[in-house]
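What's in upload_16.csv: CSV, C-alpha atoms (C1' of nucleotides)
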chain,number,residue,atom,x,y,z
I,1,MET,CA,4.8,-4.7,7.2
I,2,ARG,CA,4.2,-1.0,6.8
I,3,ILE,CA,1.5,-1.2,9.5
I,4,GLY,CA,4.0,0.4,11.8
I,5,ASP,CA,4.0,3.7,9.9
I,6,LYS,CA,1.8,6.7,10.6
I,7,TRP,CA,-1.0,6.6,8.1
I,8,THR,CA,-1.4,3.1,6.7
I,9,THR,CA,-3.9,1.8,9.2
I,10,LYS,CA,-6.0,4.9,8.9
I,11,VAL,CA,-6.1,4.5,5.1
I,12,LEU,CA,-7.1,0.9,5.5
I,13,VAL,CA,-10.0,1.9,7.8
I,14,CYS,CA,-11.2,4.5,5.3
I,15,LEU,CA,-11.2,2.0,2.5
I,16,ARG,CA,-12.8,-0.8,4.5
I,17,SER,CA,-16.4,-0.1,3.5
I,18,GLY,CA,-15.7,0.4,-0.2
I,19,PRO,CA,-13.7,2.3,-2.9
I,20,ARG,CA,-12.8,5.9,-2.3
I,21,ARG,CA,-11.3,8.6,-4.4
I,22,PHE,CA,-8.0,10.4,-3.6
I,23,SER,CA,-9.8,13.5,-2.3
I,24,GLU,CA,-12.3,11.4,-0.4
I,25,LEU,CA,-9.3,10.0,1.5
I,26,LYS,CA,-7.7,13.3,2.1
I,27,VAL,CA,-10.6,14.7,4.0
I,28,PRO,CA,-11.1,12.2,6.8
I,29,LEU,CA,-7.3,11.8,7.1
I,30,ARG,CA,-6.9,15.3,8.6
I,31,GLY,CA,-3.5,16.7,8.1
I,32,ILE,CA,-2.1,14.3,5.6
I,33,THR,CA,-0.4,16.0,2.7
I,34,PRO,CA,-0.9,14.8,-0.9
I,35,LYS,CA,2.7,13.6,-1.1
I,36,VAL,CA,2.4,11.4,1.9
I,37,LEU,CA,-1.0,10.1,0.9
I,38,THR,CA,0.4,9.1,-2.5
I,39,GLU,CA,3.4,7.4,-0.9
I,40,THR,CA,1.1,5.4,1.5
I,41,LEU,CA,-1.2,4.4,-1.3
I,42,ARG,CA,1.6,3.4,-3.6
I,43,ALA,CA,3.2,1.2,-1.0
I,44,LEU,CA,-0.1,-0.6,-0.4
I,45,GLU,CA,-0.7,-0.9,-4.1
I,46,ARG,CA,2.8,-2.3,-4.6
I,47,ASP,CA,2.1,-5.0,-2.0
I,48,GLY,CA,-1.2,-6.0,-3.6
I,49,MET,CA,-3.3,-4.6,-0.7
I,50,LEU,CA,-5.3,-2.3,-2.9
I,51,THR,CA,-6.0,-1.4,-6.6
I,52,ARG,CA,-5.8,1.9,-8.2
I,53,THR,CA,-8.3,2.7,-11.0
I,54,VAL,CA,-8.0,5.7,-13.2
I,55,HIS,CA,-11.2,6.8,-14.9
I,56,ALA,CA,-10.6,8.7,-18.1
I,57,GLU,CA,-12.8,11.7,-17.3
I,58,ILE,CA,-12.7,15.4,-16.9
I,59,PRO,CA,-12.1,16.1,-14.1
I,60,PRO,CA,-10.0,13.0,-13.5
I,61,ARG,CA,-11.2,10.5,-11.0
I,62,VAL,CA,-9.0,7.9,-9.4
I,63,GLU,CA,-10.5,5.2,-7.1
I,64,TYR,CA,-8.7,3.1,-4.6
I,65,GLU,CA,-10.2,-0.2,-3.4
I,66,LEU,CA,-9.0,-2.9,-1.1
I,67,THR,CA,-8.2,-6.3,-2.6
I,68,PRO,CA,-9.2,-9.5,-0.8
I,69,LEU,CA,-5.6,-9.6,0.4
I,70,GLY,CA,-6.0,-6.1,1.7
I,71,HIS,CA,-9.1,-7.1,3.7
I,72,THR,CA,-7.1,-9.8,5.5
I,73,LEU,CA,-5.1,-7.1,7.2
I,74,PHE,CA,-8.1,-6.4,9.4
I,75,GLU,CA,-7.5,-9.7,11.2
I,76,PRO,CA,-4.3,-8.8,12.9
I,77,LEU,CA,-5.6,-5.3,13.3
I,78,ALA,CA,-8.6,-6.6,15.2
I,79,ALA,CA,-6.2,-8.4,17.5
I,80,GLN,CA,-4.4,-5.2,18.3
I,81,CYS,CA,-7.7,-3.4,18.9
I,82,ALA,CA,-8.8,-6.2,21.2
I,83,TRP,CA,-5.5,-6.0,23.1
I,84,THR,CA,-5.9,-2.2,23.5
I,85,ARG,CA,-9.5,-2.5,24.8
I,86,ALA,CA,-8.4,-5.1,27.3
I,87,ASN,CA,-5.1,-3.7,28.5
I,88,LEU,CA,-4.8,0.0,27.8
I,89,PRO,CA,-6.1,0.9,31.3
I,90,ASP,CA,-3.4,-1.2,32.9
I,91,LEU,CA,-0.8,0.4,30.7
I,92,LEU,CA,-1.9,3.8,31.6
I,93,ASP,CA,-2.0,3.0,35.3
I,94,ALA,CA,1.6,1.7,35.0
I,95,ARG,CA,2.6,4.8,33.3
I,96,ASP,CA,1.1,7.0,36.0
I,97,ALA,CA,2.8,4.9,38.7
I,98,TYR,CA,6.1,5.3,36.9
I,99,GLU,CA,5.7,9.1,36.7
I,100,ARG,CA,5.0,9.4,40.4
I,101,ARG,CA,8.4,7.9,41.4
V,102,MET,CA,2.2,1.1,20.9
V,103,ARG,CA,5.9,1.1,20.5
V,104,ILE,CA,5.6,-2.3,18.7
V,105,GLY,CA,6.3,-0.3,15.5
V,106,ASP,CA,9.8,0.4,16.5
V,107,LYS,CA,12.9,-1.5,15.6
V,108,TRP,CA,13.8,-3.5,18.6
V,109,THR,CA,10.9,-3.9,21.0
V,110,THR,CA,9.4,-7.1,19.5
V,111,LYS,CA,12.8,-8.7,19.5
V,112,VAL,CA,13.3,-7.8,23.1
V,113,LEU,CA,9.9,-9.3,24.0
V,114,VAL,CA,10.8,-12.5,22.3
V,115,CYS,CA,14.1,-12.7,24.2
V,116,LEU,CA,12.3,-12.3,27.5
V,117,ARG,CA,9.4,-14.6,26.7
V,118,SER,CA,10.9,-17.7,28.3
V,119,GLY,CA,12.1,-16.0,31.5
V,120,PRO,CA,14.2,-13.2,33.0
V,121,ARG,CA,17.3,-12.1,31.3
V,122,ARG,CA,20.2,-9.8,32.3
V,123,PHE,CA,21.2,-6.7,30.3
V,124,SER,CA,24.2,-8.5,28.7
V,125,GLU,CA,22.1,-11.6,28.0
V,126,LEU,CA,19.9,-9.4,25.9
V,127,LYS,CA,22.7,-7.7,24.1
V,128,VAL,CA,24.1,-10.9,22.7
V,129,PRO,CA,21.1,-12.3,20.8
V,130,LEU,CA,20.1,-8.8,19.7
V,131,ARG,CA,23.0,-8.5,17.4
V,132,GLY,CA,24.0,-5.0,16.7
V,133,ILE,CA,22.0,-3.2,19.3
V,134,THR,CA,24.0,-0.5,21.2
V,135,PRO,CA,23.7,-0.2,25.0
V,136,LYS,CA,22.0,3.2,24.6
V,137,VAL,CA,19.3,1.9,22.4
V,138,LEU,CA,18.7,-1.3,24.5
V,139,THR,CA,18.4,0.9,27.6
V,140,GLU,CA,15.9,3.1,25.8
V,141,THR,CA,13.9,0.2,24.6
V,142,LEU,CA,13.8,-1.5,28.1
V,143,ARG,CA,13.0,1.8,29.9
V,144,ALA,CA,10.0,2.4,27.6
V,145,LEU,CA,8.7,-1.1,28.2
V,146,GLU,CA,9.2,-0.7,32.0
V,147,ARG,CA,7.5,2.6,31.9
V,148,ASP,CA,4.4,1.0,30.3
V,149,GLY,CA,4.4,-1.9,32.8
V,150,MET,CA,5.4,-4.5,30.3
V,151,LEU,CA,8.5,-5.6,32.3
V,152,THR,CA,10.2,-5.2,35.6
V,153,ARG,CA,13.7,-4.1,36.3
V,154,THR,CA,15.4,-5.7,39.3
V,155,VAL,CA,18.8,-4.6,40.5
V,156,HIS,CA,20.7,-7.1,42.6
V,157,ALA,CA,23.2,-5.4,45.0
V,158,GLU,CA,26.2,-7.5,44.0
V,159,ILE,CA,29.7,-7.1,42.6
V,160,PRO,CA,29.7,-7.2,39.7
V,161,PRO,CA,26.2,-5.6,39.4
V,162,ARG,CA,23.4,-7.8,38.0
V,163,VAL,CA,20.2,-6.4,36.6
V,164,GLU,CA,17.4,-8.6,35.5
V,165,TYR,CA,14.5,-7.8,33.2
V,166,GLU,CA,11.4,-9.9,33.3
V,167,LEU,CA,8.1,-9.6,31.6
V,168,THR,CA,5.0,-8.9,33.7
V,169,PRO,CA,1.7,-10.6,33.1
V,170,LEU,CA,0.7,-7.5,31.1
V,171,GLY,CA,3.8,-7.9,29.0
V,172,HIS,CA,3.0,-11.5,28.2
V,173,THR,CA,-0.4,-10.4,26.8
V,174,LEU,CA,1.5,-8.7,24.0
V,175,PHE,CA,2.1,-12.0,22.4
V,176,GLU,CA,-1.5,-12.3,21.5
V,177,PRO,CA,-1.6,-9.6,18.9
V,178,LEU,CA,1.9,-10.6,17.9
V,179,ALA,CA,0.8,-14.1,17.2
V,180,ALA,CA,-2.0,-12.7,15.0
V,181,GLN,CA,0.6,-10.8,13.0
V,182,CYS,CA,2.7,-14.0,12.6
V,183,ALA,CA,-0.3,-15.9,11.5
V,184,TRP,CA,-1.1,-13.3,8.9
V,185,THR,CA,2.4,-13.4,7.6
V,186,ARG,CA,2.5,-17.2,7.4
V,187,ALA,CA,-0.8,-17.1,5.5
V,188,ASN,CA,-0.3,-14.1,3.2
V,189,LEU,CA,3.3,-13.3,2.7
V,190,PRO,CA,3.5,-15.4,-0.5
V,191,ASP,CA,0.7,-13.4,-2.0
V,192,LEU,CA,2.3,-10.1,-1.0
V,193,LEU,CA,5.6,-11.2,-2.5
V,194,ASP,CA,3.8,-12.2,-5.7
V,195,ALA,CA,2.1,-8.9,-5.9
V,196,ARG,CA,5.4,-7.1,-5.4
V,197,ASP,CA,7.0,-9.1,-8.2
V,198,ALA,CA,4.1,-8.4,-10.5
V,199,TYR,CA,4.4,-4.7,-9.7
V,200,GLU,CA,8.1,-4.6,-10.4
V,201,ARG,CA,7.6,-6.2,-13.8
V,202,ARG,CA,5.4,-3.4,-15.1
W,203,DC,C1',-8.9,16.7,-9.3
W,204,DT,C1',-4.8,14.1,-8.7
W,205,DG,C1',-1.0,14.2,-8.1
W,206,DT,C1',4.7,15.8,-8.5
W,207,DA,C1',8.8,18.6,-7.1
W,208,DT,C1',11.6,20.8,-3.6
W,209,DC,C1',13.0,21.9,0.6
W,210,DC,C1',13.2,21.3,5.5
W,211,DT,C1',12.6,19.5,10.3
W,212,DC,C1',12.7,16.2,13.7
W,213,DG,C1',13.6,12.1,16.0
W,214,DC,C1',15.2,7.3,15.7
W,215,DC,C1',19.0,4.9,15.6
W,216,DG,C1',24.0,4.0,15.5
W,217,DA,C1',29.1,4.9,16.7
W,218,DT,C1',32.2,5.8,20.1
W,219,DA,C1',33.9,6.9,24.4
W,220,DC,C1',33.6,7.1,29.2
W,221,DT,C1',31.7,6.0,34.3
W,222,DG,C1',30.1,3.8,39.0
D,223,DC,C1',28.6,-5.5,34.3
D,224,DA,C1',25.4,-2.1,33.3
D,225,DG,C1',24.9,1.5,31.9
D,226,DT,C1',25.5,7.2,30.5
D,227,DA,C1',27.2,11.1,27.5
D,228,DT,C1',27.9,13.0,23.1
D,229,DC,C1',27.8,13.4,18.4
D,230,DG,C1',26.1,12.6,13.9
D,231,DG,C1',23.6,10.3,9.8
D,232,DC,C1',19.6,9.3,7.7
D,233,DG,C1',15.0,8.8,6.4
D,234,DA,C1',10.0,9.5,7.4
D,235,DG,C1',7.0,12.9,7.3
D,236,DG,C1',5.5,17.9,6.7
D,237,DA,C1',5.1,22.7,4.1
D,238,DT,C1',4.7,24.8,0.1
D,239,DA,C1',4.4,25.4,-4.7
D,240,DC,C1',3.4,23.8,-9.1
D,241,DA,C1',1.8,20.6,-13.2
D,242,DG,C1',-1.3,17.7,-16.3
Can you dump the structure from the file as structure tokens?
Amino acid sequence: MRIGDKWTTKVLVCLRSGPRRFSELKVPLRGITPKVLTETLRALERDGMLTRTVHAEIPPRVEYELTPLGHTLFEPLAAQCAWTRANLPDLLDARDAYERR
Amino acid sequence: MRIGDKWTTKVLVCLRSGPRRFSELKVPLRGITPKVLTETLRALERDGMLTRTVHAEIPPRVEYELTPLGHTLFEPLAAQCAWTRANLPDLLDARDAYERR
DNA sequence: CTGTATCCTCGCCGATACTG
DNA sequence: CAGTATCGGCGAGGATACAG
């Protein structure tokens, strides 16, 4: 999926423990622009990974929340994390050895 | 890692059952150019995921083979496949529903 | 506050030609 | 056979400004 892009996994992590507002996502995702955050969220919404809820208030409040389907993404994500924990040192060693030739 | 790029996972699959030559990779990877295949293989070699063996023959023969470390990549890859098998229909349904609004 | 509208950069990837 | 060299398109992502 779009898991290969730059921001999607970080957005998922930020939403894991519950719904968040647009600006609550922008802060922990240091450096993301509103345009890109919107694109990322829209793509996830389009695929049913999260819901977008607009509250008719002043000032406006929009909350994003993972769907059950969205939560299933943490399964393959956990596998990637496990791989990294187990094998990143070997990868780094290989990279060092390669540089020194 | 570089698993997010266009060709890496396909190269891994092609190498899963044993060593392959440069041209034996080019055929099943329809449409890949030698430049991009070289880049992909070099990146994997650099990270210790495969070995590159040059046989001093005429014509030249170069074989690429996954290392044990390279084989471990199939673990997270399998998790992604499992996710897709289980959840792709839901994703597609969500996408359809989104389009029809 | 929650976006949209423009413009721009940069790097992946492809096409093509050529080399040891 | 197994690449390297060069050029170019294209799209993701960023900077900035503005709107509802």
Would you tabulate, counting only C-alpha atoms (C1' of nucleotides), all residues of chain D that have an atom at most 8 Å from an atom of segment 203-220 of chain W, showing the closest pair of atoms and their distance in Å to one decimal, sorted by chain then ascending number, as a tab-separated table?
residue	atom	partner	partner_atom	distance
D:DA227	C1'	W:DC220	C1'	7.7
D:DC240	C1'	W:DA207	C1'	7.8
D:DA241	C1'	W:DT206	C1'	7.3
Using every C-alpha atom paired in order, could you least-squares fit chain I onto chain V and give me the moved chain as a PDB file with C-alpha atoms, keeping the file's coordinate frame?
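So out20.pdb came out as:
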ATOM      1  CA  MET I   1       2.104   1.105  21.081  1.00  0.00           C
ATOM      2  CA  ARG I   2       5.843   1.007  20.613  1.00  0.00           C
ATOM      3  CA  ILE I   3       5.473  -2.329  18.783  1.00  0.00           C
ATOM      4  CA  GLY I   4       6.064  -0.400  15.616  1.00  0.00           C
ATOM      5  CA  ASP I   5       9.667   0.443  16.515  1.00  0.00           C
ATOM      6  CA  LYS I   6      12.745  -1.554  15.584  1.00  0.00           C
ATOM      7  CA  TRP I   7      13.688  -3.568  18.610  1.00  0.00           C
ATOM      8  CA  THR I   8      10.721  -3.920  20.943  1.00  0.00           C
ATOM      9  CA  THR I   9       9.310  -7.120  19.544  1.00  0.00           C
ATOM     10  CA  LYS I  10      12.698  -8.741  19.498  1.00  0.00           C
ATOM     11  CA  VAL I  11      13.208  -7.847  23.179  1.00  0.00           C
ATOM     12  CA  LEU I  12       9.829  -9.271  23.999  1.00  0.00           C
ATOM     13  CA  VAL I  13      10.735 -12.571  22.271  1.00  0.00           C
ATOM     14  CA  CYS I  14      14.003 -12.784  24.200  1.00  0.00           C
ATOM     15  CA  LEU I  15      12.252 -12.275  27.481  1.00  0.00           C
ATOM     16  CA  ARG I  16       9.370 -14.627  26.735  1.00  0.00           C
ATOM     17  CA  SER I  17      10.866 -17.733  28.336  1.00  0.00           C
ATOM     18  CA  GLY I  18      12.084 -16.011  31.495  1.00  0.00           C
ATOM     19  CA  PRO I  19      14.199 -13.175  33.040  1.00  0.00           C
ATOM     20  CA  ARG I  20      17.364 -12.118  31.309  1.00  0.00           C
ATOM     21  CA  ARG I  21      20.191  -9.845  32.199  1.00  0.00           C
ATOM     22  CA  PHE I  22      21.188  -6.723  30.192  1.00  0.00           C
ATOM     23  CA  SER I  23      24.157  -8.490  28.579  1.00  0.00           C
ATOM     24  CA  GLU I  24      22.117 -11.607  27.954  1.00  0.00           C
ATOM     25  CA  LEU I  25      19.841  -9.389  25.840  1.00  0.00           C
ATOM     26  CA  LYS I  26      22.603  -7.691  24.023  1.00  0.00           C
ATOM     27  CA  VAL I  27      23.985 -10.843  22.563  1.00  0.00           C
ATOM     28  CA  PRO I  28      21.024 -12.329  20.729  1.00  0.00           C
ATOM     29  CA  LEU I  29      19.944  -8.812  19.655  1.00  0.00           C
ATOM     30  CA  ARG I  30      22.888  -8.487  17.228  1.00  0.00           C
ATOM     31  CA  GLY I  31      23.785  -4.957  16.518  1.00  0.00           C
ATOM     32  CA  ILE I  32      21.830  -3.178  19.161  1.00  0.00           C
ATOM     33  CA  THR I  33      23.850  -0.596  21.017  1.00  0.00           C
ATOM     34  CA  PRO I  34      23.612  -0.218  24.818  1.00  0.00           C
ATOM     35  CA  LYS I  35      21.914   3.163  24.471  1.00  0.00           C
ATOM     36  CA  VAL I  36      19.161   1.844  22.324  1.00  0.00           C
ATOM     37  CA  LEU I  37      18.707  -1.269  24.409  1.00  0.00           C
ATOM     38  CA  THR I  38      18.302   0.893  27.520  1.00  0.00           C
ATOM     39  CA  GLU I  39      15.807   3.163  25.766  1.00  0.00           C
ATOM     40  CA  THR I  40      13.715   0.111  24.600  1.00  0.00           C
ATOM     41  CA  LEU I  41      13.782  -1.432  28.027  1.00  0.00           C
ATOM     42  CA  ARG I  42      12.892   1.773  29.779  1.00  0.00           C
ATOM     43  CA  ALA I  43       9.918   2.381  27.555  1.00  0.00           C
ATOM     44  CA  LEU I  44       8.598  -1.120  28.254  1.00  0.00           C
ATOM     45  CA  GLU I  45       9.263  -0.722  31.933  1.00  0.00           C
ATOM     46  CA  ARG I  46       7.459   2.625  31.944  1.00  0.00           C
ATOM     47  CA  ASP I  47       4.385   0.982  30.397  1.00  0.00           C
ATOM     48  CA  GLY I  48       4.340  -1.843  32.940  1.00  0.00           C
ATOM     49  CA  MET I  49       5.359  -4.500  30.355  1.00  0.00           C
ATOM     50  CA  LEU I  50       8.403  -5.590  32.273  1.00  0.00           C
ATOM     51  CA  THR I  51      10.235  -5.169  35.657  1.00  0.00           C
ATOM     52  CA  ARG I  52      13.736  -4.216  36.228  1.00  0.00           C
ATOM     53  CA  THR I  53      15.562  -5.771  39.224  1.00  0.00           C
ATOM     54  CA  VAL I  54      18.897  -4.590  40.412  1.00  0.00           C
ATOM     55  CA  HIS I  55      20.872  -7.083  42.466  1.00  0.00           C
ATOM     56  CA  ALA I  56      23.334  -5.453  44.810  1.00  0.00           C
ATOM     57  CA  GLU I  57      26.389  -7.478  43.786  1.00  0.00           C
ATOM     58  CA  ILE I  58      29.828  -7.122  42.405  1.00  0.00           C
ATOM     59  CA  PRO I  59      29.754  -7.237  39.460  1.00  0.00           C
ATOM     60  CA  PRO I  60      26.296  -5.697  39.226  1.00  0.00           C
ATOM     61  CA  ARG I  61      23.520  -7.772  37.838  1.00  0.00           C
ATOM     62  CA  VAL I  62      20.294  -6.358  36.513  1.00  0.00           C
ATOM     63  CA  GLU I  63      17.422  -8.685  35.436  1.00  0.00           C
ATOM     64  CA  TYR I  64      14.534  -7.848  33.232  1.00  0.00           C
ATOM     65  CA  GLU I  65      11.340  -9.938  33.343  1.00  0.00           C
ATOM     66  CA  LEU I  66       8.022  -9.680  31.627  1.00  0.00           C
ATOM     67  CA  THR I  67       4.976  -8.846  33.742  1.00  0.00           C
ATOM     68  CA  PRO I  68       1.657 -10.610  33.147  1.00  0.00           C
ATOM     69  CA  LEU I  69       0.690  -7.498  31.200  1.00  0.00           C
ATOM     70  CA  GLY I  70       3.812  -7.885  29.150  1.00  0.00           C
ATOM     71  CA  HIS I  71       2.903 -11.494  28.281  1.00  0.00           C
ATOM     72  CA  THR I  72      -0.431 -10.335  26.842  1.00  0.00           C
ATOM     73  CA  LEU I  73       1.435  -8.612  24.063  1.00  0.00           C
ATOM     74  CA  PHE I  74       2.093 -12.011  22.531  1.00  0.00           C
ATOM     75  CA  GLU I  75      -1.586 -12.253  21.584  1.00  0.00           C
ATOM     76  CA  PRO I  76      -1.643  -9.560  18.998  1.00  0.00           C
ATOM     77  CA  LEU I  77       1.835 -10.565  18.002  1.00  0.00           C
ATOM     78  CA  ALA I  78       0.645 -14.081  17.282  1.00  0.00           C
ATOM     79  CA  ALA I  79      -2.008 -12.585  15.043  1.00  0.00           C
ATOM     80  CA  GLN I  80       0.579 -10.760  13.019  1.00  0.00           C
ATOM     81  CA  CYS I  81       2.711 -13.903  12.761  1.00  0.00           C
ATOM     82  CA  ALA I  82      -0.324 -15.858  11.616  1.00  0.00           C
ATOM     83  CA  TRP I  83      -1.115 -13.193   9.006  1.00  0.00           C
ATOM     84  CA  THR I  84       2.503 -13.307   7.717  1.00  0.00           C
ATOM     85  CA  ARG I  85       2.509 -17.135   7.435  1.00  0.00           C
ATOM     86  CA  ALA I  86      -0.743 -17.018   5.529  1.00  0.00           C
ATOM     87  CA  ASN I  87      -0.222 -14.044   3.254  1.00  0.00           C
ATOM     88  CA  LEU I  88       3.438 -13.199   2.854  1.00  0.00           C
ATOM     89  CA  PRO I  89       3.708 -15.303  -0.348  1.00  0.00           C
ATOM     90  CA  ASP I  90       0.879 -13.360  -1.925  1.00  0.00           C
ATOM     91  CA  LEU I  91       2.492 -10.115  -0.910  1.00  0.00           C
ATOM     92  CA  LEU I  92       5.726 -11.074  -2.394  1.00  0.00           C
ATOM     93  CA  ASP I  93       4.121 -12.252  -5.615  1.00  0.00           C
ATOM     94  CA  ALA I  94       2.350  -8.853  -5.842  1.00  0.00           C
ATOM     95  CA  ARG I  95       5.550  -7.127  -5.314  1.00  0.00           C
ATOM     96  CA  ASP I  96       7.284  -9.076  -8.066  1.00  0.00           C
ATOM     97  CA  ALA I  97       4.367  -8.388 -10.434  1.00  0.00           C
ATOM     98  CA  TYR I  98       4.621  -4.701  -9.640  1.00  0.00           C
ATOM     99  CA  GLU I  99       8.377  -4.652 -10.368  1.00  0.00           C
ATOM    100  CA  ARG I 100       7.926  -6.295 -13.739  1.00  0.00           C
ATOM    101  CA  ARG I 101       5.696  -3.459 -15.080  1.00  0.00           C
TER     102      ARG I 101
END
Practice prompt. May I ask you to extract the residues of chain I within 9 Å of chain D, using all atoms listed in the file, and to give them as a PyMOL selection string?
Written response: chain I and resi 5-6+32-33+36
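The neighbours of segment 183-186 of chain V here are the residues that come within 8 Å of it, using all atoms listed in the file and leaving out any residue fewer than 4 positions away in the same chain; they are I:Thr72, I:Leu73, I:Glu75, I:Pro76, V:Ala179.
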Given 3 Å of margin on each side, can you work out the centre and size in Å (one decimal) of an axis-aligned box holding every listed atom of segment 227-242 of chain D, as AutoDock Vina command-line options?
--center_x 13.3 --center_y 17.1 --center_z 5.6 --size_x 35.2 --size_y 22.6 --size_z 49.8
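Between chain W and the residues I:Val13, I:Arg61, I:Leu29, I:Leu44, the shortest atom-to-atom distance, using all atoms listed in the file, involves I:Arg61.
For the atom pair formed by atom CA of Leu91 of chain I and atom CA of Thr141 of chain V, the distance is 15.9 Å, given to one decimal.
Of the residues under consideration (I:Leu50, I:Ala43, I:Pro19, I:Ile58), I:Ile58 shows the shortest atom-to-atom contact distance to chain W when counting only C-alpha atoms (C1' of nucleotides).
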Fill in: chain I contacts to chain V at 9 Å (all atoms listed in the file) as number ranges by chain
I: 2-5, 45-49, 69, 72-73, 75-83, 87, 90-99
Once you have the residues from the selection above, write them out as an mmCIF file, in the frame of the given file, restricted to C-alpha atoms.
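To be explicit, this is the file written out as out_7.cif:
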data_model
loop_
_atom_site.group_PDB
_atom_site.id
_atom_site.type_symbol
_atom_site.label_atom_id
_atom_site.label_comp_id
_atom_site.auth_asym_id
_atom_site.auth_seq_id
_atom_site.Cartn_x
_atom_site.Cartn_y
_atom_site.Cartn_z
ATOM 1 C CA ARG I 2 4.200 -1.000 6.800
ATOM 2 C CA ILE I 3 1.500 -1.200 9.500
ATOM 3 C CA GLY I 4 4.000 0.400 11.800
ATOM 4 C CA ASP I 5 4.000 3.700 9.900
ATOM 5 C CA GLU I 45 -0.700 -0.900 -4.100
ATOM 6 C CA ARG I 46 2.800 -2.300 -4.600
ATOM 7 C CA ASP I 47 2.100 -5.000 -2.000
ATOM 8 C CA GLY I 48 -1.200 -6.000 -3.600
ATOM 9 C CA MET I 49 -3.300 -4.600 -0.700
ATOM 10 C CA LEU I 69 -5.600 -9.600 0.400
ATOM 11 C CA THR I 72 -7.100 -9.800 5.500
ATOM 12 C CA LEU I 73 -5.100 -7.100 7.200
ATOM 13 C CA GLU I 75 -7.500 -9.700 11.200
ATOM 14 C CA PRO I 76 -4.300 -8.800 12.900
ATOM 15 C CA LEU I 77 -5.600 -5.300 13.300
ATOM 16 C CA ALA I 78 -8.600 -6.600 15.200
ATOM 17 C CA ALA I 79 -6.200 -8.400 17.500
ATOM 18 C CA GLN I 80 -4.400 -5.200 18.300
ATOM 19 C CA CYS I 81 -7.700 -3.400 18.900
ATOM 20 C CA ALA I 82 -8.800 -6.200 21.200
ATOM 21 C CA TRP I 83 -5.500 -6.000 23.100
ATOM 22 C CA ASN I 87 -5.100 -3.700 28.500
ATOM 23 C CA ASP I 90 -3.400 -1.200 32.900
ATOM 24 C CA LEU I 91 -0.800 0.400 30.700
ATOM 25 C CA LEU I 92 -1.900 3.800 31.600
ATOM 26 C CA ASP I 93 -2.000 3.000 35.300
ATOM 27 C CA ALA I 94 1.600 1.700 35.000
ATOM 28 C CA ARG I 95 2.600 4.800 33.300
ATOM 29 C CA ASP I 96 1.100 7.000 36.000
ATOM 30 C CA ALA I 97 2.800 4.900 38.700
ATOM 31 C CA TYR I 98 6.100 5.300 36.900
ATOM 32 C CA GLU I 99 5.700 9.100 36.700
#
Discussion item. Using only C-alpha atoms (C1' of nucleotides) and a cut-off of 8 Å, which residues of chain I sit close to chain W? Please list them as a list in words.
Written reply: Phe22, Ser23, Pro34, Lys35, Thr38, Pro59, Pro60, Arg61 and Val62 of chain I
Item to complete: Rounded to one decimal place, report the atom CA of Thr168 of chain V-atom CA of Val112 of chain V distance in Å.
Response: 13.5 Å
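Put simply, atom CA of Gly31 of chain I is 19.3 Å away from atom CA of Tyr64 of chain I.
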